[in-house]
Structure formats: C-alpha cells, structure tokens
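Printed here is structure.txt (compact mmCIF, N, CA and C atoms):
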```
# COMPACT_ATOMS: atom_id res chain seq x y z
N MET A 1 62.05 20.28 -17.68
CA MET A 1 61.93 21.73 -17.65
C MET A 1 62.24 22.24 -19.06
N ASP A 2 61.33 23.03 -19.64
CA ASP A 2 61.57 23.53 -20.99
C ASP A 2 62.49 24.75 -20.98
N ASN A 3 62.84 25.19 -22.18
CA ASN A 3 63.79 26.28 -22.34
C ASN A 3 63.35 27.54 -21.61
N SER A 4 62.05 27.86 -21.68
CA SER A 4 61.56 29.06 -21.00
C SER A 4 61.68 28.94 -19.49
N SER A 5 61.48 27.75 -18.96
CA SER A 5 61.64 27.52 -17.52
C SER A 5 63.09 27.76 -17.12
N TYR A 6 64.02 27.34 -17.99
CA TYR A 6 65.43 27.60 -17.71
C TYR A 6 65.71 29.09 -17.71
N GLN A 7 65.08 29.82 -18.62
CA GLN A 7 65.25 31.27 -18.67
C GLN A 7 64.72 31.92 -17.41
N ILE A 8 63.58 31.45 -16.94
CA ILE A 8 62.99 31.98 -15.71
C ILE A 8 63.91 31.69 -14.53
N ARG A 9 64.41 30.46 -14.44
CA ARG A 9 65.33 30.09 -13.35
C ARG A 9 66.57 30.98 -13.38
N ALA A 10 67.15 31.14 -14.56
CA ALA A 10 68.36 31.97 -14.69
C ALA A 10 68.07 33.41 -14.28
N PHE A 11 66.92 33.93 -14.68
CA PHE A 11 66.54 35.29 -14.33
C PHE A 11 66.39 35.43 -12.81
N ILE A 12 65.69 34.47 -12.18
CA ILE A 12 65.49 34.51 -10.73
C ILE A 12 66.85 34.46 -10.02
N GLN A 13 67.72 33.58 -10.45
CA GLN A 13 69.02 33.48 -9.79
C GLN A 13 69.83 34.76 -9.98
N ASP A 14 69.72 35.37 -11.15
CA ASP A 14 70.41 36.63 -11.38
C ASP A 14 69.86 37.73 -10.46
N GLU A 15 68.54 37.80 -10.36
CA GLU A 15 67.91 38.80 -9.49
C GLU A 15 68.26 38.56 -8.03
N LEU A 16 68.28 37.28 -7.62
CA LEU A 16 68.67 36.96 -6.24
C LEU A 16 70.11 37.39 -5.98
N GLY A 17 70.96 37.23 -6.99
CA GLY A 17 72.34 37.69 -6.87
C GLY A 17 72.42 39.18 -6.66
N LYS A 18 71.59 39.93 -7.38
CA LYS A 18 71.57 41.40 -7.23
C LYS A 18 71.07 41.79 -5.84
N ILE A 19 70.01 41.13 -5.40
CA ILE A 19 69.45 41.43 -4.07
C ILE A 19 70.48 41.09 -2.99
N ALA A 20 71.12 39.93 -3.13
CA ALA A 20 72.14 39.53 -2.16
C ALA A 20 73.27 40.55 -2.14
N SER A 21 73.71 40.98 -3.31
CA SER A 21 74.78 41.96 -3.40
C SER A 21 74.39 43.27 -2.73
N ASP A 22 73.15 43.71 -2.96
CA ASP A 22 72.67 44.93 -2.31
C ASP A 22 72.69 44.82 -0.79
N ASN A 23 72.56 43.57 -0.29
CA ASN A 23 72.55 43.33 1.15
C ASN A 23 73.92 42.90 1.67
N GLY A 24 74.95 43.01 0.84
CA GLY A 24 76.29 42.64 1.25
C GLY A 24 76.53 41.15 1.33
N GLN A 25 75.70 40.37 0.64
CA GLN A 25 75.83 38.92 0.65
C GLN A 25 76.31 38.45 -0.72
N THR A 26 76.63 37.17 -0.80
CA THR A 26 77.01 36.55 -2.05
C THR A 26 76.01 35.44 -2.35
N MET A 27 75.53 35.39 -3.58
CA MET A 27 74.59 34.35 -3.99
C MET A 27 75.31 33.38 -4.89
N THR A 28 75.24 32.10 -4.55
CA THR A 28 75.78 31.06 -5.41
C THR A 28 74.62 30.29 -6.01
N LEU A 29 74.88 29.50 -7.02
CA LEU A 29 73.82 28.69 -7.61
C LEU A 29 73.21 27.81 -6.54
N ALA A 30 71.91 27.65 -6.58
CA ALA A 30 71.22 26.93 -5.52
C ALA A 30 70.31 25.87 -6.11
N ASP A 31 69.97 24.89 -5.29
CA ASP A 31 69.05 23.86 -5.76
C ASP A 31 67.62 24.27 -5.47
N ASP A 32 66.69 23.47 -5.98
CA ASP A 32 65.26 23.78 -5.88
C ASP A 32 64.75 23.90 -4.46
N SER A 33 65.37 23.21 -3.52
CA SER A 33 64.85 23.21 -2.15
C SER A 33 65.28 24.42 -1.34
N LEU A 34 66.11 25.30 -1.91
CA LEU A 34 66.57 26.47 -1.17
C LEU A 34 65.37 27.33 -0.75
N ASN A 35 65.21 27.51 0.56
CA ASN A 35 64.16 28.39 1.05
C ASN A 35 64.71 29.81 1.05
N LEU A 36 64.12 30.65 0.21
CA LEU A 36 64.64 31.98 -0.04
C LEU A 36 64.59 32.88 1.19
N VAL A 37 63.61 32.68 2.03
CA VAL A 37 63.47 33.49 3.24
C VAL A 37 64.41 32.98 4.34
N HIS A 38 64.38 31.68 4.59
CA HIS A 38 65.23 31.11 5.64
C HIS A 38 66.71 31.26 5.33
N ALA A 39 67.06 31.31 4.06
CA ALA A 39 68.46 31.51 3.67
C ALA A 39 68.89 32.96 3.84
N GLY A 40 67.93 33.81 4.16
CA GLY A 40 68.24 35.22 4.37
C GLY A 40 68.38 36.02 3.09
N LEU A 41 67.95 35.43 1.96
CA LEU A 41 68.06 36.12 0.68
C LEU A 41 66.93 37.11 0.44
N LEU A 42 65.75 36.78 0.93
CA LEU A 42 64.60 37.65 0.69
C LEU A 42 63.88 38.01 1.98
N ASP A 43 63.54 39.26 2.08
CA ASP A 43 62.57 39.71 3.07
C ASP A 43 61.34 40.11 2.26
N SER A 44 60.35 40.72 2.88
CA SER A 44 59.13 41.05 2.14
C SER A 44 59.41 42.03 1.00
N TYR A 45 60.26 43.00 1.23
CA TYR A 45 60.60 43.95 0.17
C TYR A 45 61.34 43.26 -0.98
N GLY A 46 62.28 42.41 -0.65
CA GLY A 46 63.03 41.68 -1.68
C GLY A 46 62.13 40.77 -2.49
N PHE A 47 61.17 40.14 -1.81
CA PHE A 47 60.24 39.26 -2.51
C PHE A 47 59.40 40.05 -3.50
N ILE A 48 58.88 41.19 -3.06
CA ILE A 48 58.08 42.03 -3.96
C ILE A 48 58.92 42.51 -5.13
N ARG A 49 60.14 42.92 -4.85
CA ARG A 49 61.05 43.36 -5.91
C ARG A 49 61.29 42.24 -6.93
N LEU A 50 61.52 41.04 -6.44
CA LEU A 50 61.76 39.90 -7.32
C LEU A 50 60.53 39.58 -8.16
N VAL A 51 59.37 39.53 -7.55
CA VAL A 51 58.14 39.21 -8.28
C VAL A 51 57.83 40.27 -9.33
N MET A 52 57.99 41.53 -8.97
CA MET A 52 57.73 42.60 -9.94
C MET A 52 58.69 42.50 -11.13
N SER A 53 59.94 42.20 -10.88
CA SER A 53 60.91 42.03 -11.95
C SER A 53 60.55 40.85 -12.85
N LEU A 54 60.15 39.75 -12.23
CA LEU A 54 59.73 38.56 -12.98
C LEU A 54 58.53 38.86 -13.87
N GLU A 55 57.53 39.47 -13.27
CA GLU A 55 56.30 39.77 -14.01
C GLU A 55 56.58 40.71 -15.18
N GLN A 56 57.42 41.67 -14.95
CA GLN A 56 57.74 42.62 -16.02
C GLN A 56 58.56 41.95 -17.12
N ARG A 57 59.57 41.20 -16.74
CA ARG A 57 60.47 40.58 -17.72
C ARG A 57 59.74 39.55 -18.59
N PHE A 58 58.87 38.73 -17.99
CA PHE A 58 58.23 37.64 -18.71
C PHE A 58 56.76 37.90 -19.03
N ASN A 59 56.28 39.10 -18.72
CA ASN A 59 54.93 39.54 -19.09
C ASN A 59 53.83 38.60 -18.61
N PHE A 60 53.76 38.41 -17.31
CA PHE A 60 52.69 37.63 -16.69
C PHE A 60 52.42 38.21 -15.32
N GLN A 61 51.39 37.70 -14.66
CA GLN A 61 51.08 38.13 -13.31
C GLN A 61 50.84 36.90 -12.45
N LEU A 62 51.55 36.79 -11.36
CA LEU A 62 51.35 35.69 -10.43
C LEU A 62 50.08 35.93 -9.62
N ASP A 63 49.27 34.88 -9.48
CA ASP A 63 48.06 34.95 -8.69
C ASP A 63 48.32 34.24 -7.37
N PHE A 64 48.67 35.01 -6.35
CA PHE A 64 49.02 34.43 -5.07
C PHE A 64 47.82 33.85 -4.34
N GLY A 65 46.62 34.25 -4.72
CA GLY A 65 45.42 33.71 -4.08
C GLY A 65 45.25 32.23 -4.32
N GLU A 66 45.81 31.74 -5.41
CA GLU A 66 45.68 30.32 -5.76
C GLU A 66 46.93 29.52 -5.43
N MET A 67 47.88 30.13 -4.75
CA MET A 67 49.15 29.46 -4.47
C MET A 67 49.32 29.19 -2.99
N ASP A 68 49.94 28.07 -2.70
CA ASP A 68 50.34 27.74 -1.34
C ASP A 68 51.62 28.53 -1.05
N PRO A 69 51.69 29.26 0.08
CA PRO A 69 52.89 30.04 0.38
C PRO A 69 54.18 29.22 0.33
N GLU A 70 54.10 27.94 0.66
CA GLU A 70 55.29 27.08 0.58
C GLU A 70 55.78 26.96 -0.86
N GLU A 71 54.85 27.10 -1.80
CA GLU A 71 55.20 26.94 -3.21
C GLU A 71 56.17 28.02 -3.68
N PHE A 72 56.00 29.23 -3.21
CA PHE A 72 56.87 30.29 -3.70
C PHE A 72 57.93 30.70 -2.70
N SER A 73 58.09 29.94 -1.64
CA SER A 73 59.15 30.26 -0.67
C SER A 73 60.47 29.57 -1.02
N THR A 74 60.40 28.58 -1.92
CA THR A 74 61.63 27.91 -2.35
C THR A 74 61.94 28.31 -3.78
N LEU A 75 63.20 28.16 -4.15
CA LEU A 75 63.61 28.50 -5.50
C LEU A 75 62.84 27.67 -6.53
N GLY A 76 62.78 26.37 -6.33
CA GLY A 76 62.07 25.50 -7.27
C GLY A 76 60.60 25.82 -7.36
N GLY A 77 59.97 26.08 -6.24
CA GLY A 77 58.54 26.41 -6.23
C GLY A 77 58.26 27.71 -6.96
N LEU A 78 59.10 28.69 -6.74
CA LEU A 78 58.92 29.98 -7.42
C LEU A 78 59.14 29.84 -8.92
N VAL A 79 60.13 29.05 -9.31
CA VAL A 79 60.36 28.83 -10.75
C VAL A 79 59.16 28.14 -11.37
N ARG A 80 58.63 27.11 -10.72
CA ARG A 80 57.47 26.39 -11.25
C ARG A 80 56.24 27.29 -11.34
N ALA A 81 55.99 28.08 -10.29
CA ALA A 81 54.84 28.99 -10.29
C ALA A 81 54.97 30.04 -11.39
N ALA A 82 56.16 30.59 -11.55
CA ALA A 82 56.38 31.60 -12.59
C ALA A 82 56.25 30.98 -13.98
N ALA A 83 56.78 29.78 -14.15
CA ALA A 83 56.68 29.10 -15.45
C ALA A 83 55.21 28.83 -15.81
N ARG A 84 54.42 28.39 -14.83
CA ARG A 84 52.98 28.17 -15.09
C ARG A 84 52.30 29.48 -15.47
N ALA A 85 52.58 30.54 -14.72
CA ALA A 85 51.96 31.84 -14.99
C ALA A 85 52.37 32.38 -16.36
N ALA A 86 53.58 32.06 -16.78
CA ALA A 86 54.07 32.52 -18.08
C ALA A 86 53.66 31.59 -19.21
N GLY A 87 52.97 30.49 -18.86
CA GLY A 87 52.51 29.55 -19.87
C GLY A 87 53.59 28.62 -20.38
N CYS A 88 54.61 28.38 -19.56
CA CYS A 88 55.74 27.55 -19.97
C CYS A 88 55.56 26.08 -19.62
N SER A 89 54.66 25.78 -18.71
CA SER A 89 54.54 24.38 -18.32
C SER A 89 53.09 23.98 -18.20
```
Represent the supplied structure as structure tokens.
Amino acid sequence: MDNSSYQIRAFIQDELGKIASDNGQTMTLADDSLNLVHAGLLDSYGFIRLVMSLEQRFNFQLDFGEMDPEEFSTLGGLVRAAARAAGCS
C-alpha cells in the first residue's frame, strides 16, 4: 500500500470515527475485513456522507457502476476502490 493509500485509509477511519461519534458509538482501528454496514457504522446516509467526504478530500469520483457492492462494504475494499479512483494504485 503506497503513502496515498495510507492517507485514504486514515481519512476513512477518521470519518468513520466522526460518524460513530454522531451516533453515540466509539470507533476503534479496524482491519480490512470490517463490514461497515454489519458493524453498524454506516447506514445509507452515513455511506453517502463518507463517499462525498472522500471524493472532496482526494478530488476523485467513485464509479459505483463498475464496482461489486461487496468491494465497498468493507473497510479494505473501500480503501482499495478509493485508492484506484484517486490514481494511487
């Protein structure tokens, strides 16, 4: 994982922490297999909020038409998809 991928991961984890806090939860560091929906961290609004923040911060646009939903439902999948869209990998 290159430096930009680490930045994307750190940003996502920070945003997840904010979303969790807004929902009265606590977010700890998570591994790639964490399913963001099943863990109760994201609902549809939270997902949109996270994606919009990612796209704005790293100046790219995710193309969900070309992605498998499983790819962006986990922390690792979302980091990889965002890194590809941002030209990091």
- [ ] Please measure the separation of atom N of Tyr6 in chain A and atom N of His38 in chain A, giving the value in Å to one decimal.
- [x]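 Atom-to-atom, atom N of Tyr6 in chain A to atom N of His38 in chain A, that is 23.0 Å.
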Task: Å distance separating atom C of Ala83 in chain A from CA of Phe58 in chain A, one decimal place - done: 9.8 Å
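The closest residue to Ala85 in chain A, picked from A:Ala20, A:Leu36, A:Leu62, A:Met67 and counting all atoms listed in the file, is A:Leu62.
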TODO: Choose the residue, out of A:Ala10, A:Ala86, A:Ile48, A:Leu78, that has the smallest atom-to-atom separation from Ser33 in chain A; count only C-alpha atoms.
DONE: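 Ranked by minimum distance to Ser33 in chain A, first place goes to A:Leu78.
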Starting from 3 Å padding per side, set up an axis-aligned box that covers all listed atoms of range 32-35 of chain A and hand over centre and edge lengths in Å, one decimal, as AutoDock Vina command-line options.
```
--center_x 65.4 --center_y 26.5 --center_z -2.5 --size_x 8.5 --size_y 12.6 --size_z 13.0
```
TODO: Using only N, CA and C atoms, find the one residue out of A:Cys88, A:Leu42, A:Val51, A:Val37 that sits nearest to Ser73 in chain A.
DONE: A:Val37
Task: Atomic separation - atom N of Ile19 in chain A relative to atom N of Glu70 in chain A, Å - done: 21.5 Å
Open item on the list: Going by DSSP on the backbone, which residues of chain A come out as helix (DSSP H, G or I)? List them as a PyMOL selection string.
Closed with: chain A and resi 3-22+44-58+64-66+75-85
Open item on the list: I'd like the contact shell of Phe11 in chain A - 9 Å cut-off, only C-alpha atoms, skipping same-chain residues fewer than 4 positions apart - returned as a PyMOL selection string.
Closed with: chain A and resi 6-7+15-16+54+57
Task: Option closest in space to Asp22 in chain A, from A:Leu41, A:Glu55, A:Glu71, A:Phe60 [counting only C-alpha atoms] - done: A:Leu41
Task: 8 Å contact set for Arg80 in chain A, all atoms listed in the file, chain neighbours under 6 positions out, as a ChimeraX atom specification - done: /A:5,8-9,71-72,74,86,89
